Amino acid sequence: MKDIAVGIDAQDNGRLDQELTPNSAARHRRMVLVGTLATAGIAIAVLLWAKWYPYALKIPAVADSHSLGNSVLSGKASAPPAPSWNAAFEYSLGYVGSIWQALVAGLLVAAAVEAFLPARRLLALFQARRGPAASTVCGGLLSMSSMMCTCCAAPVALNVRRRGVPVSSALAYWLGNPVLNPAALAFMAFVLPWQFVAVRVGTGVLLVFGVTLLVSRLAKGTSVAEPVEQSAETVTAVGAVRRFAKALARLSVRLLPEYAVVVMLLGAFRGWLFPEAGMLASWGVLAAVLLAVVGTLFVIPTAAEIPIIGALMAAGVGLVPLGALVLTLPALSLPSMLMVRGAFPGRVIAATGAAVMGLGLVGAAAMAALT
């Protein structure tokens, strides 16, 4: 069976090319190519299944109906339910039903990056050698193709960071998935007033391409919690598949149980986190502050912020406080921040969360200026 090269960093790779004989060097290049193609094939296949094809079907339907369905917070009811086990299970089942394909895709891509993709190819993909600004822009642009929520993108962000991708670039990829999602922006344009799209694009670009550069400076002097071996290692195809299976199992065991528990807790207490619309409508600036904080912590499926905002708007909440949800709801959640804590220092994650809350208030202020 053909060999596949895995776990080769750029420095080792260059040294290896010098030491190999012409025949072995050619064989090594073939192995690098096979590993790269295997990763690309898995990524294209799972994203086509989980994201690209479903969105291609959904965008025309939303354009015709100008609706994305009911709010995940309350369904057809006027307000979220009171805290209970039933509220927890109801939300968890609906949430998992919406995101399971994307979560599977994220886990498979993350495992493929670890098992098959040579490190020099990964670093070249993220333009790691061209400096922080270029690599951050590259990470943000790459995120627009996968279009996942931050929870589903978290396994990929975790593994690319563990394999040497710069902090700012990995952050840009992680946050850009939901914030710069082209399909979600199209849905928003079809369902909500144009001001929401303007606020989302403005604050989203600032977050993905600006804030990530700033907060990454807090990571100086730190190392990845669980470094991946980056030696000039080659394995057989069978060995690479075994490594893929081990990576997939490790990610699933490490991330999914905690993820499920936190989602259930947030779903159970969503009635307390999101007050009744009539109360929010009367709170003025305080409503924007509350929604900026809650929006950053709460977990939703991709694009679910759109029906949430629509339902609150229909219930009488003003556009200004709702401007705080345009970025905060999709950009981060408590589960997603917990999922990536092995790849980013705690102070980087905390600063990113604070920045998202702050940009939520900027979004509210921008909404006031646009209306």
# chains A, B, ... in the order shown; residues from 1 in each chain; ligands from 1
call {"tool": "residues_around", "arguments": {"residues": "Gly41 (chain A)", "least_positions_apart": "3", "cutoff": "12 Å", "atoms": "only C-alpha atoms", "output": "number ranges by chain"}}
result
A: 33-38, 44-48, 108-109, 112-113, 116-117
call {"tool": "closest_atom_pairs", "arguments": {"of": "region 297-357 of chain A", "to": "region 170-188 of chain A", "cutoff": "8 Å", "atoms": "only C-alpha atoms", "output": "tab-separated table"}}
result
residue	atom	partner	partner_atom	distance
A:Thr302	CA	A:Pro178	CA	6.7
A:Ala303	CA	A:Ala184	CA	5.3
A:Ile306	CA	A:Met188	CA	6.2
A:Leu327	CA	A:Val179	CA	6.9
A:Pro330	CA	A:Pro178	CA	5.7
A:Ala331	CA	A:Val179	CA	5.7
A:Leu332	CA	A:Leu175	CA	7.4
call {"tool": "select_by_dssp", "arguments": {"residues": "region 312-364 of chain A", "states": "alpha helix (DSSP H)", "output": "count of residues only"}}
result
39
